[in-house]
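Enquirer: So I've got this file, my_file-v1.tsv, and it contains TSV, C-alpha atoms and all ligand atoms:
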```
chain	number	residue	atom	x	y	z
B	1	MET	CA	0.00	0.00	0.00
B	2	LYS	CA	1.18	3.50	-0.83
B	3	ILE	CA	0.33	6.29	1.62
B	4	ASP	CA	0.90	9.97	0.82
B	5	ILE	CA	0.45	12.49	3.64
B	6	LEU	CA	-0.10	16.14	2.74
B	7	THR	CA	0.99	18.39	5.60
B	8	LEU	CA	2.63	21.72	6.43
B	9	PHE	CA	4.67	20.05	9.20
B	10	PRO	CA	6.65	17.13	7.68
B	11	GLU	CA	9.14	17.16	10.56
B	12	MET	CA	6.44	15.86	12.93
B	13	TYR	CA	6.59	12.43	11.27
B	14	SER	CA	10.30	11.65	11.39
B	15	SER	CA	10.37	9.56	14.57
B	16	VAL	CA	6.87	8.10	14.42
B	17	PHE	CA	7.44	5.97	11.34
B	18	ALA	CA	11.06	5.18	12.20
B	19	SER	CA	10.46	2.52	14.81
B	20	SER	CA	8.65	-0.70	15.64
B	21	ILE	CA	6.10	-2.39	13.37
B	22	ILE	CA	5.63	0.53	10.96
B	23	LYS	CA	9.37	0.74	10.33
B	24	ARG	CA	9.49	-3.00	9.67
B	25	ALA	CA	6.55	-2.73	7.26
B	26	ILE	CA	8.32	0.09	5.40
B	27	ASP	CA	11.65	-1.78	5.33
B	28	SER	CA	9.97	-4.89	3.93
B	29	LYS	CA	8.16	-2.74	1.31
B	30	LEU	CA	4.67	-3.72	2.49
B	31	ILE	CA	3.87	-0.03	2.88
B	32	ASP	CA	5.42	3.02	1.27
B	33	ILE	CA	4.87	6.32	3.12
B	34	ASN	CA	5.63	9.72	1.56
B	35	ILE	CA	5.35	12.96	3.48
B	36	ILE	CA	4.54	15.86	1.14
B	37	ASN	CA	4.64	19.51	2.14
B	38	PHE	CA	1.75	21.13	0.30
B	39	ARG	CA	3.45	24.51	0.71
B	40	ASP	CA	5.58	23.29	-2.22
B	41	TYR	CA	2.42	23.51	-4.36
B	42	THR	CA	1.44	27.12	-3.70
B	43	ASN	CA	1.54	29.64	-6.58
B	44	ASP	CA	1.70	32.52	-4.09
B	45	PRO	CA	4.89	34.61	-4.45
B	46	HIS	CA	5.32	34.54	-0.63
B	47	ASN	CA	4.53	30.79	-0.34
B	48	LYS	CA	1.33	31.57	1.55
B	49	VAL	CA	-1.04	28.63	2.06
B	50	ASP	CA	-3.78	30.35	4.06
B	51	ASP	CA	-5.86	33.50	4.21
B	52	THR	CA	-8.51	35.28	6.29
B	53	PRO	CA	-12.04	33.84	6.20
B	54	TYR	CA	-14.70	35.42	3.98
B	55	GLY	CA	-17.46	36.79	6.22
B	56	GLY	CA	-15.00	37.42	9.07
B	57	GLY	CA	-14.14	35.30	12.09
B	58	ALA	CA	-11.11	34.11	13.99
B	59	GLY	CA	-7.90	32.72	12.53
B	60	MET	CA	-6.75	31.73	9.09
B	61	VAL	CA	-8.26	29.30	6.62
B	62	LEU	CA	-6.19	26.94	4.45
B	63	SER	CA	-6.54	27.89	0.79
B	64	ILE	CA	-7.80	25.36	-1.69
B	65	GLU	CA	-5.21	25.88	-4.46
B	66	PRO	CA	-2.07	24.31	-2.88
B	67	ILE	CA	-4.02	21.24	-1.71
B	68	TYR	CA	-5.77	20.89	-5.07
B	69	ASN	CA	-2.46	21.28	-6.96
B	70	ALA	CA	-0.82	18.62	-4.77
B	71	LEU	CA	-3.76	16.24	-5.31
B	72	GLU	CA	-3.62	16.78	-9.08
B	73	ASP	CA	0.06	15.88	-9.01
B	74	ILE	CA	-0.16	12.69	-6.93
B	75	ARG	CA	-3.61	11.15	-7.38
B	76	ASP	CA	-4.46	8.47	-9.93
B	77	SER	CA	-7.35	6.06	-10.49
B	78	ASP	CA	-6.23	3.92	-7.47
B	79	SER	CA	-6.14	6.83	-5.02
B	80	PHE	CA	-8.52	7.23	-2.08
B	81	VAL	CA	-8.39	10.71	-0.59
B	82	VAL	CA	-9.08	11.27	3.13
B	83	LEU	CA	-9.41	14.62	4.84
B	84	LEU	CA	-8.60	14.67	8.59
B	85	THR	CA	-11.01	17.01	10.35
B	86	PRO	CA	-12.93	17.06	13.64
B	87	SER	CA	-16.14	17.30	11.55
B	88	GLY	CA	-15.51	13.96	9.81
B	89	LYS	CA	-16.96	10.49	10.30
B	90	VAL	CA	-15.57	9.04	13.54
B	91	PHE	CA	-12.68	6.62	12.88
B	92	ASN	CA	-12.98	3.07	14.16
B	93	GLN	CA	-11.66	-0.43	13.42
B	94	LYS	CA	-14.25	-1.01	10.68
B	95	VAL	CA	-13.22	2.16	8.83
B	96	ALA	CA	-9.58	1.04	9.25
B	97	VAL	CA	-10.37	-2.39	7.75
B	98	ASP	CA	-12.07	-0.69	4.76
B	99	LEU	CA	-9.09	1.62	4.23
B	100	SER	CA	-6.60	-1.25	4.48
B	101	SER	CA	-7.86	-2.65	1.16
B	102	LYS	CA	-7.00	0.54	-0.77
B	103	LYS	CA	-3.94	0.60	-3.01
B	104	HIS	CA	-3.16	4.28	-2.49
B	105	LEU	CA	-4.26	6.44	0.43
B	106	ILE	CA	-3.82	10.20	0.41
B	107	LEU	CA	-4.29	11.84	3.83
B	108	ILE	CA	-4.75	15.62	3.99
B	109	CYS	CA	-3.87	17.31	7.30
B	110	GLY	CA	-5.23	20.73	8.17
B	111	HIS	CA	-4.07	23.31	10.66
B	112	TYR	CA	-5.41	26.68	11.80
B	113	GLU	CA	-9.19	27.31	11.59
B	114	GLY	CA	-9.81	24.69	8.91
B	115	PHE	CA	-9.93	24.30	5.14
B	116	ASP	CA	-11.66	26.24	2.42
B	117	ASP	CA	-14.82	24.11	2.33
B	118	ARG	CA	-14.55	23.57	-1.45
B	119	ILE	CA	-11.85	20.96	-0.72
B	120	ARG	CA	-14.78	18.63	0.06
B	121	ASN	CA	-15.49	18.39	-3.70
B	122	PHE	CA	-12.14	16.68	-4.29
B	123	ILE	CA	-11.97	14.03	-1.55
B	124	ASP	CA	-13.51	10.60	-0.87
B	125	LEU	CA	-13.92	10.60	2.94
B	126	GLU	CA	-13.65	12.92	5.96
B	127	ILE	CA	-12.32	11.32	9.15
B	128	SER	CA	-12.26	12.52	12.76
B	129	ILE	CA	-10.32	10.45	15.30
B	130	GLY	CA	-12.70	11.44	18.11
B	131	ASP	CA	-14.86	14.13	19.62
B	132	TYR	CA	-12.09	16.53	20.57
B	133	VAL	CA	-10.13	19.15	18.67
B	134	LEU	CA	-6.38	18.79	18.09
B	135	THR	CA	-4.11	21.53	16.80
B	136	GLY	CA	-3.99	19.87	13.39
B	137	GLY	CA	-4.53	16.73	11.35
B	138	GLU	CA	-0.97	15.41	11.75
B	139	ILE	CA	-1.51	13.33	14.90
B	140	PRO	CA	-4.85	12.04	13.54
B	141	SER	CA	-3.08	11.03	10.30
B	142	MET	CA	-0.49	9.10	12.36
B	143	VAL	CA	-3.33	7.32	14.17
B	144	VAL	CA	-4.92	6.36	10.84
B	145	VAL	CA	-1.60	5.21	9.29
B	146	ASP	CA	-0.70	3.13	12.34
B	147	THR	CA	-4.13	1.46	12.58
B	148	VAL	CA	-4.42	0.79	8.84
B	149	SER	CA	-0.80	-0.37	8.32
B	150	ARG	CA	-1.03	-3.21	10.84
B	151	LEU	CA	-4.05	-4.55	8.87
B	152	VAL	CA	-2.15	-4.65	5.55
B	153	ASP	CA	-1.45	-8.26	4.53
B	154	GLY	CA	1.85	-9.51	5.97
B	155	VAL	CA	2.50	-6.66	8.42
B	156	ILE	CA	1.47	-8.69	11.48
B	157	SER	CA	0.29	-12.27	11.85
B	158	ASP	CA	-3.31	-13.23	11.11
B	159	GLU	CA	-3.47	-14.89	14.54
B	160	SER	CA	-2.73	-11.58	16.27
B	161	LEU	CA	-5.48	-9.88	14.28
B	162	ASP	CA	-8.06	-12.63	14.93
B	163	ASN	CA	-8.33	-12.20	18.69
B	164	GLU	CA	-8.19	-8.51	19.31
B	165	SER	CA	-10.41	-5.75	20.57
B	166	PHE	CA	-13.34	-4.63	18.39
B	167	ASN	CA	-13.59	-7.85	16.37
B	168	ASP	CA	-17.25	-8.93	16.96
B	169	ASN	CA	-17.75	-5.65	18.87
B	170	LEU	CA	-15.95	-7.14	21.90
B	171	LEU	CA	-12.85	-5.90	23.70
B	172	ASP	CA	-9.75	-8.07	24.03
B	173	TYR	CA	-9.35	-10.70	26.78
B	174	PRO	CA	-6.75	-10.17	29.54
B	175	VAL	CA	-3.29	-11.70	29.10
B	176	TYR	CA	-0.59	-12.48	31.68
B	177	THR	CA	3.05	-13.54	31.78
B	178	LYS	CA	5.60	-14.46	34.46
B	179	PRO	CA	5.72	-14.15	37.47
B	180	ARG	CA	2.70	-16.22	38.51
B	181	GLU	CA	2.31	-14.14	41.70
B	182	PHE	CA	2.89	-10.41	41.97
B	183	MET	CA	2.11	-8.33	45.08
B	184	GLY	CA	-0.65	-10.78	46.02
B	185	TYR	CA	-2.20	-10.80	42.53
B	186	SER	CA	-2.07	-14.19	40.83
B	187	VAL	CA	-2.53	-15.40	37.28
B	188	PRO	CA	-5.97	-17.11	36.88
B	189	ASP	CA	-5.58	-20.89	37.46
B	190	VAL	CA	-7.38	-21.80	34.24
B	191	LEU	CA	-4.52	-20.33	32.18
B	192	LEU	CA	-2.13	-22.82	33.82
B	193	SER	CA	-4.50	-25.79	33.39
B	194	GLY	CA	-3.37	-26.75	29.87
B	195	ASP	CA	-7.07	-27.30	28.99
B	196	HIS	CA	-7.47	-25.31	25.79
B	197	LYS	CA	-11.24	-25.64	25.61
B	198	LYS	CA	-11.56	-24.20	29.13
B	199	ILE	CA	-9.06	-21.45	28.31
B	200	ASP	CA	-11.06	-20.44	25.21
B	201	GLU	CA	-14.29	-20.36	27.28
B	202	TYR	CA	-12.62	-18.29	30.00
B	203	ARG	CA	-11.24	-15.80	27.45
B	204	ASN	CA	-14.59	-15.45	25.76
B	205	GLU	CA	-16.33	-14.78	29.09
B	206	GLU	CA	-13.67	-12.22	29.98
B	207	ARG	CA	-14.17	-10.41	26.67
B	208	ILE	CA	-17.90	-10.09	27.37
B	209	LYS	CA	-17.32	-9.06	31.02
B	210	ARG	CA	-14.76	-6.40	30.07
B	211	THR	CA	-16.95	-5.04	27.28
B	212	LYS	CA	-19.95	-4.83	29.68
B	213	GLU	CA	-17.81	-2.92	32.19
B	214	ASN	CA	-15.97	-0.53	29.89
B	215	ARG	CA	-17.94	-0.30	26.64
B	216	PRO	CA	-21.59	-1.34	27.10
B	217	ASP	CA	-22.36	0.68	23.93
B	218	LEU	CA	-20.47	-1.95	21.89
B	219	LEU	CA	-22.66	-4.78	23.20
B	220	GLU	CA	-25.79	-2.92	22.09
B	221	LYS	CA	-24.47	-3.07	18.52
B	301	LIG	N1	-7.97	17.92	13.38
B	301	LIG	C1	-8.19	18.50	14.57
B	301	LIG	N2	-8.87	17.71	15.39
B	301	LIG	C2	-9.09	16.54	14.70
B	301	LIG	C3	-9.75	15.32	15.00
B	301	LIG	N3	-10.35	15.11	16.19
B	301	LIG	N4	-9.77	14.37	14.07
B	301	LIG	C4	-9.19	14.56	12.87
B	301	LIG	N5	-8.58	15.70	12.52
B	301	LIG	C5	-8.52	16.68	13.41
```
Show me this structure written as structure tokens.
Ligand code: ADE

Expert:
Amino acid sequence: MKIDILTLFPEMYSSVFASSIIKRAIDSKLIDINIINFRDYTNDPHNKVDDTPYGGGAGMVLSIEPIYNALEDIRDSDSFVVLLTPSGKVFNQKVAVDLSSKKHLILICGHYEGFDDRIRNFIDLEISIGDYVLTGGEIPSMVVVDTVSRLVDGVISDESLDNESFNDNLLDYPVYTKPREFMGYSVPDVLLSGDHKKIDEYRNEERIKRTKENRPDLLEK
């Protein structure tokens, strides 16, 4: 999968994609991430990418031309263009699964008071990572890249993906490792029983219990 990120702050990405699973996925050419500064696409003599809002109001609005010019340069018939904005559809595992089947993702990150609304005519989907406002779309784009990349074929094992939170609208079951006892807290006996049927039953019950406690809204789905 190819992922292009359009941003005014390319330096924010340098460490995030340089470690752990994402780095490995890049090194093994399962994903290819390009960070593109859309300031490079402005026709303004002073490299301006924003302006004051028509009708008045606080702050600066990102102009449409640099973003449109960048899209024209990089998009093709395989591209799927996502705008990161707090007014988008709320991101979740299902949206991530849908995005993981795309050949080419283009993520557009805003800053300041938002985008010239006409950008919405040139994109496929608007995504918000949650009901709160960040200073820009960069961190949300990292969240999307991280979540989607691990679902790309070959990045992590199918077994790891099978039993994790949000599959079947249930949260993950608890896991433990050595030591067996810690500060009076012990590992549940069933996990040491060697009885795999019982272990599966226990884990399933724990998934339901945890979902009831922390995310009853998921059970209603
Ligand atoms: N930009 C600012 N806040 C955001 C959010 N919650 N989701 C996506 N993009 C954003």

Enquirer: Quick one: everything within 12 Å of B:Val82, counting only C-alpha atoms, minus sequence neighbours fewer than 5 positions away in the same chain. Send it as a VMD selection string.

Expert: chain B and resid 3 to 6 71 75 88 to 89 91 95 to 96 99 102 104 to 110 119 to 128 137 140 to 141 144 to 145

Enquirer: Out of B:Asn163, B:Ser157, B:Ser77, B:Thr7, which residue has the shortest atom-to-atom distance to ligand LIG 301 (chain B) when counting all atoms listed in the file?

Expert: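 Smallest distance to ligand LIG 301 (chain B) is found for B:Thr7.
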
Enquirer: Considering all atoms listed in the file, can you say which of B:Ser149, B:Ser193, B:Asn204, B:Ser186 comes closest to B:Ile21?

Expert: B:Ser149

Enquirer: Using 5 Å of padding on each side, determine the axis-aligned box around all atoms of ligand LIG 301 (chain B) present in the file and give its centre and edge lengths in Å to one decimal, as AutoDock Vina command-line options.

Expert:
```
--center_x -9.2 --center_y 16.4 --center_z 14.4 --size_x 12.4 --size_y 14.1 --size_z 13.7
```

Enquirer: Which neighbours of B:Leu171 fall inside 9 Å, counting all atoms listed in the file, when residues of the same chain fewer than 2 positions from it are skipped, and could you give them as JSON, numbers by chain?

Expert: {"B": [164, 165, 166, 167, 168, 169, 173, 206, 207, 208, 210, 211, 214, 215, 218]}

Enquirer: Which of these residues is nearest to ligand LIG 301 (chain B), using all atoms listed in the file: B:Ile199, B:Val148, B:Val133, B:Met1?

Expert: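 Among B:Ile199, B:Val148, B:Val133, B:Met1, it is B:Val133 that comes nearest to ligand LIG 301 (chain B).
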
Enquirer: Just to confirm, what's the straight-line distance from atom CA of B:Val190 to atom CA of B:Asp172 in Å (one decimal)?

Expert: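 So the two atoms, atom CA of B:Val190 and atom CA of B:Asp172, lie 17.3 Å apart.
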
Enquirer: May I ask which of the residues B:Val90, B:Ile67, B:Val16, B:Leu8 is the closest one to ligand LIG 301 (chain B), counting all atoms listed in the file?

Expert: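 Ranking B:Val90, B:Ile67, B:Val16, B:Leu8 by distance to ligand LIG 301 (chain B), first place goes to B:Val90.
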
Enquirer: B:Ala70, B:Asp146, B:Gly55, B:Tyr185: which is nearest B:Ser19, counting only C-alpha atoms?

Expert: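 Checking each of B:Ala70, B:Asp146, B:Gly55, B:Tyr185 against B:Ser19, counting only C-alpha atoms, the winner is B:Asp146.
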
Enquirer: Write out as a ChimeraX atom specification each polymer residue whose atoms come within 9 Å of B:Tyr13, counting all atoms listed in the file; drop sequence neighbours fewer than 3 positions from it.

Expert: /B:9-10,16-18,35,138-139,142
